[in-house]
Every structure is written in structure tokens, then in C-alpha cells.
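Read the structure below first, then the notes.
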Amino acid sequence: MAEATTPVPPAAKTAARAEKAEKKLVITLATMTPEMMSLQEHFGADLIQPAPNEGVLIADSARLADVALFLHDELHLESIANATATDYVKEGYIELVYHAQHITGGLPLCFKTRVPRGDADTVGLPSLTPLYPGVEFQEREIYDLYGVRFNGHPDLRRILLWEGFNGYPMRKDWHEAYYEQDTKPYDSRWPGGTHRLAEERVPWADNVNYPPNFNPDEYKGIPDAGLYDTMRAEAPTGGPTDTPFLATGIQTDELIVNMGPQHPSTHGVLRMVVKLDGETITDLKLVLGYLHRNHEKIAERNTWLHNIPFTDRLDYITGMPNEMGYVQGVEKLMKIKPTERADYLRVIMCELTRVASHFWSIGFLLNDLGAFYTPALYFITEREFVMDLFDEITGSRMMNNYMRFGGVARDVTPAQFERIRYLVTDRFPKAIDEMERLLSDNEIVRARTIGVGYLSADRCVAYSVTGPVLRASGVPYDLRRSDPYSLYDRFDFDVPVLYGGDVYDRYRVRVLEMRQSLRILEQALAQIEQTKVGDIQAGKKAYVHRVPAGEVYSRVETPKGELGFYMVSDGGQNAYRYHVRSASFINLTALKEMTVGMKVADAVVILGSLDIVLGEVDR
Amino acid sequence: MSLLGSGILKGLGVTLKHFIQTYAEDFKYIGKKAGIEPRPLRRQNPGNHGMVTIEYPKEHMVMPENFRYIPFLVKDTVTNEDKCTSCGICAKVCPPQCIWILRTEDPMTKRPVPAPKEFHIDTSVCMNCGFCAEFCPFDAIKMDHNYEITSMSNRKTELIFDKDRLMMPDTYHAGIHPADWARELEDKKAEEAKKKAAAEAKAVADAKKAAAAAAGTPAGPATKTAPATKTAPTPKPPAAAAPAEPAQ
């Protein structure tokens, strides 16, 4: 622990940078859409104003719930796709940003409101959970990371961090352990870069601090107590009264069981706390955050380019669509377009990923059903060929780092195209047929999955559920069709929809989607031949990107559902705000409703049918 | 759904097929074909319907050229000099900021010399993204294929690579990245041709200038020759052309 690093030059530098950014910041107000107009007509121009960049601003945050009611009942915006916050530290307020949408498709309607930073965790603002239950986890996340209190939220506790965490890390004035500088690249790396470990660089060691009156040595599971209390409070007093056991005279007791975080069926480090009556689940709560690394804070320190490889690590099974969502958003801000060949390559990579991801998820669903590894390995073998291709084309199996602003990193050779064509037209159709032969009619699979984990279409929509889970409940919603991006309007494909709403139909929807992906791939492989070989980067390849000030909500349909990137640029080298709306995280909100009333063994299967990846849930 | 249990039997048929196929692939190679194709290559072939796994510590996967692991620095074996000029681009584009470069200073003039004095990569921080190799304008840093660098002892001493540990001869680079190396050689040729052309143009311009000076016309053409002299010493970064190359 040598001398303290001199924090003066970097701080001065960042201040200068901020000043520069401020000079460039030109606030443009959003253009009003008809829906915003009707909102303004109803509530008056004092309350509803056009917001900077995008959406409407609700001037009085206390009336947020009234506005939301109007949006829900009169404008029929059935679900909230994304809810997040931005800390405007210089202006002294935290801005809440919501994107509400019609489930029939189209652009989302953005509405915002502001709460002063000082009041955020005392006064707060009304929760939207009664209207839109899909914001439950998102509001908890905002509370956790920004310290905004939501009045009327059923269970407002920290969600990603633990109770012994001090402060609200996404606020701009909060500094993480081993904090070096506000933005990368760090000045200590070049030209005078001599290696020093982070542990040694920071004079106050790991920079950990605890909330007042919190002693880590005496810590005995305080968050668990809070967790269990809320579960017990919801139980009817005097214990269960209408269980079938009572008729036989057997006394039953409620039992709280922890599944996870180290449990083979939870697909990572997810902890489910279930309340059992016999073997029937009566309540379920999730404990998240075991894989939390505050991806968003890291991303706000990074330059725009640095973020591309980080997005691969969100949902590490589907790196390509993650990159696509991010790169597309930044391209929208920069007002550039990728070349045609690059766009085709992106589509090909994303659809290959979809096939690979569904192979993976169906394999592991079978694992959850108790068919240990035999079916899973058959499908992983097929996925492996996609991984080999990615390895050859991009340099890595999963952490592809393939897309760039305005293009992709490498072209695909004719020999590699030939291999993709062989996989798409020959190998994968046969493998999918075989998968159906193995599973679709299997009596055990059917008995274990049909009618299990049912969620109706309107509950799905209310919970903001997306992806195959939504389509298995009878809602034909796929972003590739309902809000087309990239080249998806050029392909002829169907959006498979089934109406059972149970685990079996989720499996079937995935199978059908794989076949549709192969259809898209065949067309894309034929159409890409008309583009120019090697024309994969629009403009000059650069490593410094000045992104004009503005904000964007860019979303793509990943194999798991809707992945959205909400980004605010202040014109500098770094994102001022970077938020990931992850499908896995929000689909988990509906897990409780699917699981209650089922047996404990079914909880594992239902979780498997959601197909979550913890890298994306915990971020 | 006809007979109860027929679905299970159908599924067991698939399992049986897979079981037999596992050996069929091996039998295919028993006779004359054995030894023609190395086993790992054969196993990883998409046309293979049998077992696709190999026995890892004994056999190794064949790494594709683009595969990237930890970066290494390239030493020019002809001139015996580092290619790195310590321009710092790799340190700037590094997402987890794991590259530290100390620039050499001329002891007399205190001005920077284009060579790194120290170069450190913390491989326990590196995220293998390959940006450093992609954006290096001098082809001085490349991604290695060797993924067996696990250290059982201290990360503070074993996993922080200094310049000596990072430096590899360009023959090694040519061995694992043949297509990239061929592209580099071509770039070098093109650059030399360009330099030659520029020098000739300069000579012609100088001759003209001298002639003009002799004739007594001032200034005019001198400004015209300025761009030619400017472009000659700064070679264009060849990295920009890299991805256009179809490998093979």
C-alpha cells in the first residue's frame, strides 16, 4: 500500500470533459405522437409536457398512477416493456423512464417523471405494480440501485444487492471499490503505465463501507429474516385450514424450503424460497443477485466500443443477439446504418444463435424433468457445430465480439458459408425431426408437462413476459414482426403461436421457432450472395466514437424474449446512461403465479421452461 | 397418441440409433482410412453422426486461425526489433484496461522514442476480446492460441505477463496465423511500392522545382509538392484493410 494515487489530474480532466459535453448538449424536445396528444388533452399541458429527446414528461410525480391508469384503460397500453431511472446529478433529480406498449406491436410509448434526488428514498413516488405487475422486479431494481421509494409496492426490498450494502450504486456520485476514474480509458495505463494491482492502487484498500449501525461480524442473516417474514405474513393465521389432510385428521405444517443457489436445477445461482403444504407450493419468492456485477455501472465507465464484448456476457448462451441490440441502438444514436452484407451476416448469426439456444434450452428442460443428460447431450452435440462455426468466424465460441458500429468484424468465407448451408438444409432439420421423435409423443414428457405451469395470455401480458413463453400462451408477439428491425421485413417466416400456456407448449413453440429460423437462414444465405464480398463495414473503422447527444431504446428479439437497451448519450465518449432490459429477469416476475398450486418437482420444470440465464438476470 | 407407451418406444429407438452410430463412426475408420485424417479433425466434422468428443489432455482441438486467447507481442526476426511503437492504442481500446505501457524516453532530449520500455498485460483481467490486435496499426500485437496458461501459484506473480513473457518471434505468429501473415507481407510489399513511387514522384518534383528555381519563378509549385513529401514518411495503417481478406 504505497502512496495514495493523486486523484487531482483525472478529476480535473473529467471535469473538463464534462464541461465540453455540456457545451455540446443541445436539448431537443420529443415530437408528440397522437397518443401523447390525447394524453395531453386529457390531463392538460401543465402536467403532460414533451420530454427532452423522447416521450412525455409527467410534471408531478405524485400523479404518475393517474396517468398510468389512463394509459392502461383508455389508450390500452397493456404492458410496460421497460422501467428504469437515470440520475441527473447536476440537475439534481432522478428521472424515471417507462416504456409502455401495445401487445399488437408498434413503437413503445415512453413516459417519464422526475423526483428530486434528496426526496427519492424518503418521499418516493407511486408504484405501478397494481396496474402493471410486470414492473414488480424492475421497481425493486430501481429501488436497489437508485434508491427511489415506490409507495404501494408489495415487497420493496433490495433485489440484486444484499442488505449490508451501503448506498445506491447506480447514482452518479457513488464510487465502487477500486474506483480509479469516472471514464475509461484510464490515464494511468499509457504513456506512463507501470503495472499495479487494483488492491495496491487504492490507499483505502477495498473501499468497502457498510450502512450505519451495521456490523458485518454480528451479521446473522438479516435479509433472510426479512424474506421469511414477508412469506409468513402472507400466510393465513392459524395455519392451513382447507388442506385435504385435515379431513383425515392428520395435522400438517407449513414448511419453507430453500432451493438453490447451489442447486443443479436452477440453471445457475438462483435461489428459490418455496413455502410448502405437503408437496404443494403455496408461495414462492426469488432471491437474485448472486451473479450481480453491476454491468450497467461498468458500462457507464466504458467507452461505447468497450461495451460490445461486455454485452456478450449478459446472456452468455446468446452472445450475437445481445451485441445486435446494443450495436443497433448506438447506430441509431449515431444515425448510421450497417452495410447490407453486414446486416445479412448479423441476421445469419442471430438466427444460428436462436437454433443453438433452443437446442440448449430444450435439452436442459429434459434434464429438469429427470432425464439426465442423454437428451441434453444429443442436442448439445448439434449446438456444438454452431459454436465451432462461431469459433472459426469470430474467434470465440460464445464471447463472440463480432459486431461493430456500422458493420461486423470479419467476413465469412465461401467455405464457411458452405458449412452453414449444410447445417441449415441438411443436418439441423434432421436433428429437429429426431428431437420431436424422441420427445413430442413421449408419454412421460407429456404427463409431466401438459397443464403444468399454466399462465393465461392476459396475465402474461400484464407481467410483461416476452419470448417463447408469451407465444406459448397464445399472444402472437415477436419483435421481428411487431416492431421489425434490421432486415427481418425481407424474409418470409411465421411467428409460431400455441394456446396451451403450459410447459409442453413452450417446448413446442421452441421447436417450431427453430424451423422458422432455418427458413430465415435459407433465405438469408440465398440473398447475401447478391451483396458485395468484403463490404462489411460502413465508413471507416474507428476506435473512438463520438456519439451525438440523445437517447434511444433499442430492442431485439433474442431466443429468450425482448432484450432492450435504453441508452442516454451526452455527446461524449461514454454512455451517460446504459440500461439493459433483460428478458430472463422480467420473465421471472411471473414465476410465482405459474408455480403456486403445483408440486415442488414441477417448480423445477417450470423454471426450466422459462429458459433463464443468470448472467442476464443478475447483470 | 395411439398405443400407450408407443411414444416411449419411438424415443428409445432414437437412443438405440445414437448408441449404434457411436461405434459406426469408429468402424468406418478402422481399415484403410485410419491415420489419413487425424482423429480430432474427423470428430469435429459436421458430417459426422457419431461421437464428437475427443480425449482432451491427450488430444487437442484444432484451433481455427481466428481463435483468440491472450495477446502476445511480435518481434521482427529480420531486424530483431519489437514491432511495438508504444502508441497506446491497444491500451485505450482495452475494455477491462489490462494493458500497461511505459513509453521509452530519450535520455538526452526527454522526448518519446517509439518503443515500449515496459509492457504489462494482466492476464487475469484480460477478457480475450481481441480489440488490441484488431486496432493495432503496426501488427505488433496478436492473439495467441495457447490456452493452457493456468497457474497453480500466485496470480500476482504468475499471471501478470511482462514484455519478455509476451514477446514472440514473428515466425511463431506466421505459424499460427498463416492467412494474416500473408496479408501482412502483401501490405508490406504494397507499402514499399508506394514508398518507391512517392520517392520517385518527389525526385521528379524536386527536379521540377530546381528547374523552376533556375528559371526564376518563385513559390508557386513549391506549395504543390508539399503534400507529396508529407504522405511519404507516414505509412498508412494497414489494419484497416484486414477484414476484407477472405481467409484461404
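Chains: A, B, ... in order of the C-alpha cells. Residues: from 1 per chain. Ligands: from 1, in order shown.
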Next item on the list: Please provide the set of residues having any atom within 9 Å of range 151-161 of chain A, restricted to only C-alpha atoms, with same-chain residues fewer than 2 positions apart removed, written as a ChimeraX atom specification.
Entry: /A:123-130,136-137,139-141,143-145,149,163-165,223,226-227,230,286-292,294,618-619
What's the 12 Å shell around Gly329 in chain A, counting only C-alpha atoms, without same-chain residues fewer than 2 positions away, as a PDB file with N, CA and C atoms, in the first residue's frame?
ATOM      1  N   TRP A 304     -17.959   3.654 -25.713  1.00  0.00           N
ATOM      2  CA  TRP A 304     -19.008   2.951 -26.475  1.00  0.00           C
ATOM      3  C   TRP A 304     -18.468   1.645 -27.031  1.00  0.00           C
ATOM      4  N   ILE A 308     -19.101  -3.547 -26.313  1.00  0.00           N
ATOM      5  CA  ILE A 308     -19.546  -4.646 -27.182  1.00  0.00           C
ATOM      6  C   ILE A 308     -19.185  -6.010 -26.587  1.00  0.00           C
ATOM      7  N   ASN A 322     -27.408 -10.245 -28.342  1.00  0.00           N
ATOM      8  CA  ASN A 322     -27.105  -9.202 -27.362  1.00  0.00           C
ATOM      9  C   ASN A 322     -26.322  -8.078 -28.013  1.00  0.00           C
ATOM     10  N   GLU A 323     -25.278  -8.464 -28.768  1.00  0.00           N
ATOM     11  CA  GLU A 323     -24.468  -7.460 -29.446  1.00  0.00           C
ATOM     12  C   GLU A 323     -25.321  -6.678 -30.425  1.00  0.00           C
ATOM     13  N   MET A 324     -26.181  -7.391 -31.113  1.00  0.00           N
ATOM     14  CA  MET A 324     -27.004  -6.754 -32.136  1.00  0.00           C
ATOM     15  C   MET A 324     -27.866  -5.662 -31.510  1.00  0.00           C
ATOM     16  N   GLY A 325     -28.487  -5.966 -30.363  1.00  0.00           N
ATOM     17  CA  GLY A 325     -29.335  -4.969 -29.709  1.00  0.00           C
ATOM     18  C   GLY A 325     -28.533  -3.737 -29.344  1.00  0.00           C
ATOM     19  N   TYR A 326     -27.366  -3.935 -28.801  1.00  0.00           N
ATOM     20  CA  TYR A 326     -26.552  -2.803 -28.364  1.00  0.00           C
ATOM     21  C   TYR A 326     -26.043  -1.997 -29.552  1.00  0.00           C
ATOM     22  N   VAL A 327     -25.463  -2.704 -30.516  1.00  0.00           N
ATOM     23  CA  VAL A 327     -24.853  -2.028 -31.663  1.00  0.00           C
ATOM     24  C   VAL A 327     -25.922  -1.255 -32.440  1.00  0.00           C
ATOM     25  N   GLU A 331     -26.001   2.699 -33.197  1.00  0.00           N
ATOM     26  CA  GLU A 331     -26.107   3.147 -34.591  1.00  0.00           C
ATOM     27  C   GLU A 331     -27.262   4.118 -34.762  1.00  0.00           C
ATOM     28  N   LYS A 332     -28.357   3.876 -34.055  1.00  0.00           N
ATOM     29  CA  LYS A 332     -29.489   4.800 -34.123  1.00  0.00           C
ATOM     30  C   LYS A 332     -29.076   6.167 -33.600  1.00  0.00           C
ATOM     31  N   LEU A 333     -28.309   6.170 -32.507  1.00  0.00           N
ATOM     32  CA  LEU A 333     -27.854   7.440 -31.948  1.00  0.00           C
ATOM     33  C   LEU A 333     -26.903   8.143 -32.902  1.00  0.00           C
ATOM     34  N   MET A 334     -26.021   7.347 -33.525  1.00  0.00           N
ATOM     35  CA  MET A 334     -25.028   7.945 -34.433  1.00  0.00           C
ATOM     36  C   MET A 334     -25.617   8.235 -35.802  1.00  0.00           C
ATOM     37  N   LYS A 335     -26.813   7.750 -36.033  1.00  0.00           N
ATOM     38  CA  LYS A 335     -27.510   7.919 -37.317  1.00  0.00           C
ATOM     39  C   LYS A 335     -26.698   7.337 -38.471  1.00  0.00           C
ATOM     40  N   ILE A 336     -26.185   6.136 -38.260  1.00  0.00           N
ATOM     41  CA  ILE A 336     -25.518   5.435 -39.354  1.00  0.00           C
ATOM     42  C   ILE A 336     -26.216   4.102 -39.558  1.00  0.00           C
ATOM     43  N   LYS A 337     -25.946   3.507 -40.699  1.00  0.00           N
ATOM     44  CA  LYS A 337     -26.543   2.203 -40.998  1.00  0.00           C
ATOM     45  C   LYS A 337     -25.428   1.236 -41.377  1.00  0.00           C
ATOM     46  N   ARG A 404     -19.718  -4.530 -34.939  1.00  0.00           N
ATOM     47  CA  ARG A 404     -19.133  -3.204 -34.737  1.00  0.00           C
ATOM     48  C   ARG A 404     -20.171  -2.175 -35.153  1.00  0.00           C
ATOM     49  N   PHE A 405     -19.920  -0.919 -34.784  1.00  0.00           N
ATOM     50  CA  PHE A 405     -20.858   0.111 -35.191  1.00  0.00           C
ATOM     51  C   PHE A 405     -20.737   0.301 -36.698  1.00  0.00           C
ATOM     52  N   GLY A 406     -21.797  -0.012 -37.402  1.00  0.00           N
ATOM     53  CA  GLY A 406     -21.782   0.133 -38.854  1.00  0.00           C
ATOM     54  C   GLY A 406     -21.341  -1.117 -39.597  1.00  0.00           C
ATOM     55  N   TYR A 485     -36.879  -4.851 -37.085  1.00  0.00           N
ATOM     56  CA  TYR A 485     -35.579  -4.208 -37.073  1.00  0.00           C
ATOM     57  C   TYR A 485     -34.699  -4.933 -38.078  1.00  0.00           C
ATOM     58  N   SER A 486     -33.537  -4.379 -38.338  1.00  0.00           N
ATOM     59  CA  SER A 486     -32.588  -4.979 -39.281  1.00  0.00           C
ATOM     60  C   SER A 486     -33.294  -5.336 -40.598  1.00  0.00           C
ATOM     61  N   VAL A 547     -20.578   9.906 -30.020  1.00  0.00           N
ATOM     62  CA  VAL A 547     -21.989   9.641 -30.271  1.00  0.00           C
ATOM     63  C   VAL A 547     -22.776  10.896 -29.936  1.00  0.00           C
ATOM     64  N   GLY A 550     -28.370  12.325 -27.140  1.00  0.00           N
ATOM     65  CA  GLY A 550     -29.701  11.829 -27.447  1.00  0.00           C
ATOM     66  C   GLY A 550     -30.017  10.631 -26.596  1.00  0.00           C
ATOM     67  N   GLU A 551     -31.137  10.016 -26.845  1.00  0.00           N
ATOM     68  CA  GLU A 551     -31.446   8.798 -26.106  1.00  0.00           C
ATOM     69  C   GLU A 551     -32.202   7.842 -26.995  1.00  0.00           C
ATOM     70  N   VAL A 552     -32.084   6.575 -26.668  1.00  0.00           N
ATOM     71  CA  VAL A 552     -32.640   5.565 -27.557  1.00  0.00           C
ATOM     72  C   VAL A 552     -33.066   4.361 -26.733  1.00  0.00           C
ATOM     73  N   TYR A 553     -34.147   3.723 -27.155  1.00  0.00           N
ATOM     74  CA  TYR A 553     -34.498   2.422 -26.601  1.00  0.00           C
ATOM     75  C   TYR A 553     -34.503   1.451 -27.763  1.00  0.00           C
ATOM     76  N   SER A 554     -33.461   0.639 -27.822  1.00  0.00           N
ATOM     77  CA  SER A 554     -33.314  -0.294 -28.930  1.00  0.00           C
ATOM     78  C   SER A 554     -33.605  -1.693 -28.430  1.00  0.00           C
ATOM     79  N   ARG A 555     -34.409  -2.435 -29.181  1.00  0.00           N
ATOM     80  CA  ARG A 555     -34.757  -3.770 -28.685  1.00  0.00           C
ATOM     81  C   ARG A 555     -34.705  -4.803 -29.792  1.00  0.00           C
ATOM     82  N   VAL A 556     -34.351  -5.995 -29.403  1.00  0.00           N
ATOM     83  CA  VAL A 556     -34.304  -7.105 -30.348  1.00  0.00           C
ATOM     84  C   VAL A 556     -34.963  -8.326 -29.710  1.00  0.00           C
ATOM     85  N   LEU A 563     -34.992  -8.169 -25.581  1.00  0.00           N
ATOM     86  CA  LEU A 563     -33.818  -7.589 -24.944  1.00  0.00           C
ATOM     87  C   LEU A 563     -33.750  -6.138 -25.370  1.00  0.00           C
ATOM     88  N   GLY A 564     -33.810  -5.245 -24.400  1.00  0.00           N
ATOM     89  CA  GLY A 564     -33.823  -3.821 -24.734  1.00  0.00           C
ATOM     90  C   GLY A 564     -32.613  -3.118 -24.147  1.00  0.00           C
ATOM     91  N   PHE A 565     -32.126  -2.139 -24.874  1.00  0.00           N
ATOM     92  CA  PHE A 565     -31.045  -1.299 -24.363  1.00  0.00           C
ATOM     93  C   PHE A 565     -31.557   0.122 -24.329  1.00  0.00           C
ATOM     94  N   TYR A 566     -31.639   0.684 -23.128  1.00  0.00           N
ATOM     95  CA  TYR A 566     -32.010   2.088 -23.015  1.00  0.00           C
ATOM     96  C   TYR A 566     -30.729   2.864 -22.774  1.00  0.00           C
ATOM     97  N   MET A 567     -30.409   3.775 -23.699  1.00  0.00           N
ATOM     98  CA  MET A 567     -29.131   4.472 -23.587  1.00  0.00           C
ATOM     99  C   MET A 567     -29.315   5.969 -23.727  1.00  0.00           C
ATOM    100  N   VAL A 568     -28.594   6.698 -22.896  1.00  0.00           N
ATOM    101  CA  VAL A 568     -28.584   8.154 -22.994  1.00  0.00           C
ATOM    102  C   VAL A 568     -27.153   8.565 -23.279  1.00  0.00           C
ATOM    103  N   SER A 569     -26.973   9.384 -24.299  1.00  0.00           N
ATOM    104  CA  SER A 569     -25.648   9.900 -24.608  1.00  0.00           C
ATOM    105  C   SER A 569     -25.627  11.391 -24.333  1.00  0.00           C
ATOM    106  N   ALA A 575     -21.265   6.279 -22.475  1.00  0.00           N
ATOM    107  CA  ALA A 575     -22.715   6.381 -22.300  1.00  0.00           C
ATOM    108  C   ALA A 575     -22.992   7.076 -20.979  1.00  0.00           C
ATOM    109  N   TYR A 578     -26.875   3.687 -19.363  1.00  0.00           N
ATOM    110  CA  TYR A 578     -26.921   2.451 -20.137  1.00  0.00           C
ATOM    111  C   TYR A 578     -27.726   1.474 -19.313  1.00  0.00           C
ATOM    112  N   HIS A 579     -28.851   1.073 -19.826  1.00  0.00           N
ATOM    113  CA  HIS A 579     -29.690   0.147 -19.068  1.00  0.00           C
ATOM    114  C   HIS A 579     -30.042  -1.049 -19.935  1.00  0.00           C
ATOM    115  N   VAL A 580     -30.018  -2.217 -19.326  1.00  0.00           N
ATOM    116  CA  VAL A 580     -30.383  -3.431 -20.048  1.00  0.00           C
ATOM    117  C   VAL A 580     -31.719  -3.917 -19.533  1.00  0.00           C
TER     118      VAL A 580
END
Next item on the list: Compile the contact shell of Leu314 in chain A as a list in words: residues with an atom at most 9 Å away, counting only C-alpha atoms, same-chain residues fewer than 6 positions apart removed.
Entry: His295, Asn322, Ser582, Val613, Leu614, Gly615, Glu616, Val617, Asp618 and Arg619 of chain A
Next item on the list: Select residues of chain B: the criterion is any atom within 6 Å of an atom of chain A, counting only C-alpha atoms; output as a VMD selection string.
Entry: chain B and resid 7 to 8 11 64 66 to 68 92 95 100 to 103 243 to 244 246
Margin query: Please list as a PyMOL selection string every residue within 8 Å of Ala115 in chain B, counting only C-alpha atoms and excluding residues in the same chain fewer than 6 positions away.
Written below: chain B and resi 82+84-86+103-104
Take the residues that were just selected and, keeping N, CA and C atoms, output them as a PDB file, in the first residue's frame.
ATOM      1  N   ASP B  82      11.394  -4.982 -31.767  1.00  0.00           N
ATOM      2  CA  ASP B  82       9.967  -5.099 -31.458  1.00  0.00           C
ATOM      3  C   ASP B  82       9.201  -4.295 -32.493  1.00  0.00           C
ATOM      4  N   CYS B  84       6.318  -3.130 -31.756  1.00  0.00           N
ATOM      5  CA  CYS B  84       5.512  -2.171 -30.991  1.00  0.00           C
ATOM      6  C   CYS B  84       6.188  -0.802 -30.968  1.00  0.00           C
ATOM      7  N   THR B  85       5.378   0.246 -31.154  1.00  0.00           N
ATOM      8  CA  THR B  85       5.915   1.605 -31.101  1.00  0.00           C
ATOM      9  C   THR B  85       5.404   2.347 -29.870  1.00  0.00           C
ATOM     10  N   SER B  86       4.728   1.618 -28.986  1.00  0.00           N
ATOM     11  CA  SER B  86       4.112   2.180 -27.772  1.00  0.00           C
ATOM     12  C   SER B  86       3.219   3.383 -28.082  1.00  0.00           C
ATOM     13  N   ARG B 103       6.265   4.239 -21.914  1.00  0.00           N
ATOM     14  CA  ARG B 103       6.932   4.668 -23.133  1.00  0.00           C
ATOM     15  C   ARG B 103       8.410   4.927 -22.846  1.00  0.00           C
ATOM     16  N   THR B 104       9.253   4.624 -23.823  1.00  0.00           N
ATOM     17  CA  THR B 104      10.678   4.915 -23.664  1.00  0.00           C
ATOM     18  C   THR B 104      10.912   6.397 -23.916  1.00  0.00           C
TER      19      THR B 104
END
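Our summary of the geometry notes that CA of Asn146 in chain B is positioned 7.8 Å from CA of Ile70 in chain B.
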Next item on the list: Could you give me, as a PyMOL selection string, each residue of range 100-137 of chain B that DSSP assigns to helix (DSSP H, G or I) when run on this structure's backbone?
Entry: chain B and resi 131-135
Notebook entry, point to check: Can you list every residue in range 64-116 of chain A that DSSP puts in strand (DSSP E), as a list in words?
Noted result: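 Answer for range 64-116 of chain A restricted to strand (DSSP E) is Ser79, Ile80, Ala81, Asn82, Ala83, Thr84, Ala85, Thr86, Asp87, Tyr88, Tyr93, Ile94, Glu95, Leu96, Val97, Tyr98, His99, Ala100, Gln101, Leu109, Cys110, Phe111, Lys112, Thr113, Arg114, Val115 and Pro116 of chain A.
Take CA of Asn45 in chain B and CA of Thr15 in chain B: the distance between them is 21.2 Å.
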Next item on the list: Point out the residue among A:Tyr228, A:Arg341, A:Arg510, A:Val330 with the least atom-to-atom distance to Ala538 in chain A, counting only C-alpha atoms.
Entry: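 Checking each candidate against Ala538 in chain A, we get A:Arg341 as the closest.
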Next item on the list: Using only C-alpha atoms, determine which residues lie at most 9 Å from Ala100 in chain A, disregarding the query and same-chain residues fewer than 6 positions distant; provide the list as a list of chain:residue names.
Entry: A:Leu71, A:His72, A:Leu77, A:Glu78, A:Ser79, A:Ile80, A:Ala81, A:Asn82, A:Ala83, A:Pro108, A:Leu109, A:Cys110, A:Phe111
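Nearest residue to Tyr507 in chain A, choosing from A:Gln416, A:Gln530, A:Ser609, A:Asn574 and counting only C-alpha atoms: A:Ser609.
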Next item on the list: Compile the contact shell of Phe131 in chain B as a PyMOL selection string: residues with an atom at most 8 Å away, counting only C-alpha atoms, same-chain residues fewer than 2 positions apart removed.
Entry: chain B and resi 90+93-94+129+133-135
Can you write out the residues you just picked, keeping C-alpha atoms, as a short mmCIF file (atom, residue, chain, number, x, y, z; two decimals), in the first residue's frame?
data_model
loop_
_atom_site.label_atom_id
_atom_site.label_comp_id
_atom_site.auth_asym_id
_atom_site.auth_seq_id
_atom_site.Cartn_x
_atom_site.Cartn_y
_atom_site.Cartn_z
CA CYS B 90 -4.22 -1.11 -27.52
CA VAL B 93 -9.30 0.15 -26.70
CA CYS B 94 -8.85 -2.48 -23.99
CA CYS B 129 -11.89 -9.71 -26.83
CA ALA B 133 -4.93 -6.98 -32.14
CA GLU B 134 -7.75 -5.64 -34.27
CA PHE B 135 -6.90 -1.98 -33.85
#
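Here CA of His120 in chain B and CA of Cys87 in chain B stand 14.4 Å from one another.
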Contacts of Asn80 in chain B at 10 Å (only C-alpha atoms; same-chain gap of 3+ positions) as an mmCIF file with N, CA and C atoms, in the first residue's frame:
data_model
loop_
_atom_site.group_PDB
_atom_site.id
_atom_site.type_symbol
_atom_site.label_atom_id
_atom_site.label_comp_id
_atom_site.auth_asym_id
_atom_site.auth_seq_id
_atom_site.Cartn_x
_atom_site.Cartn_y
_atom_site.Cartn_z
ATOM 1 N N LYS B 75 7.894 -9.879 -32.431
ATOM 2 C CA LYS B 75 9.246 -9.377 -32.648
ATOM 3 C C LYS B 75 9.650 -9.676 -34.086
ATOM 4 N N ASP B 76 10.157 -8.683 -34.775
ATOM 5 C CA ASP B 76 10.593 -8.867 -36.153
ATOM 6 C C ASP B 76 11.911 -9.634 -36.148
ATOM 7 N N THR B 77 11.927 -10.847 -36.719
ATOM 8 C CA THR B 77 13.149 -11.660 -36.646
ATOM 9 C C THR B 77 14.216 -11.176 -37.615
ATOM 10 N N LYS B 83 8.059 -4.819 -32.863
ATOM 11 C CA LYS B 83 7.226 -4.058 -33.793
ATOM 12 C C LYS B 83 6.473 -2.951 -33.067
ATOM 13 N N PRO B 169 8.644 -14.389 -31.480
ATOM 14 C CA PRO B 169 9.174 -14.086 -32.817
ATOM 15 C C PRO B 169 8.056 -14.115 -33.854
ATOM 16 N N ASP B 170 8.245 -13.368 -34.948
ATOM 17 C CA ASP B 170 7.168 -13.333 -35.935
ATOM 18 C C ASP B 170 7.013 -14.655 -36.676
#
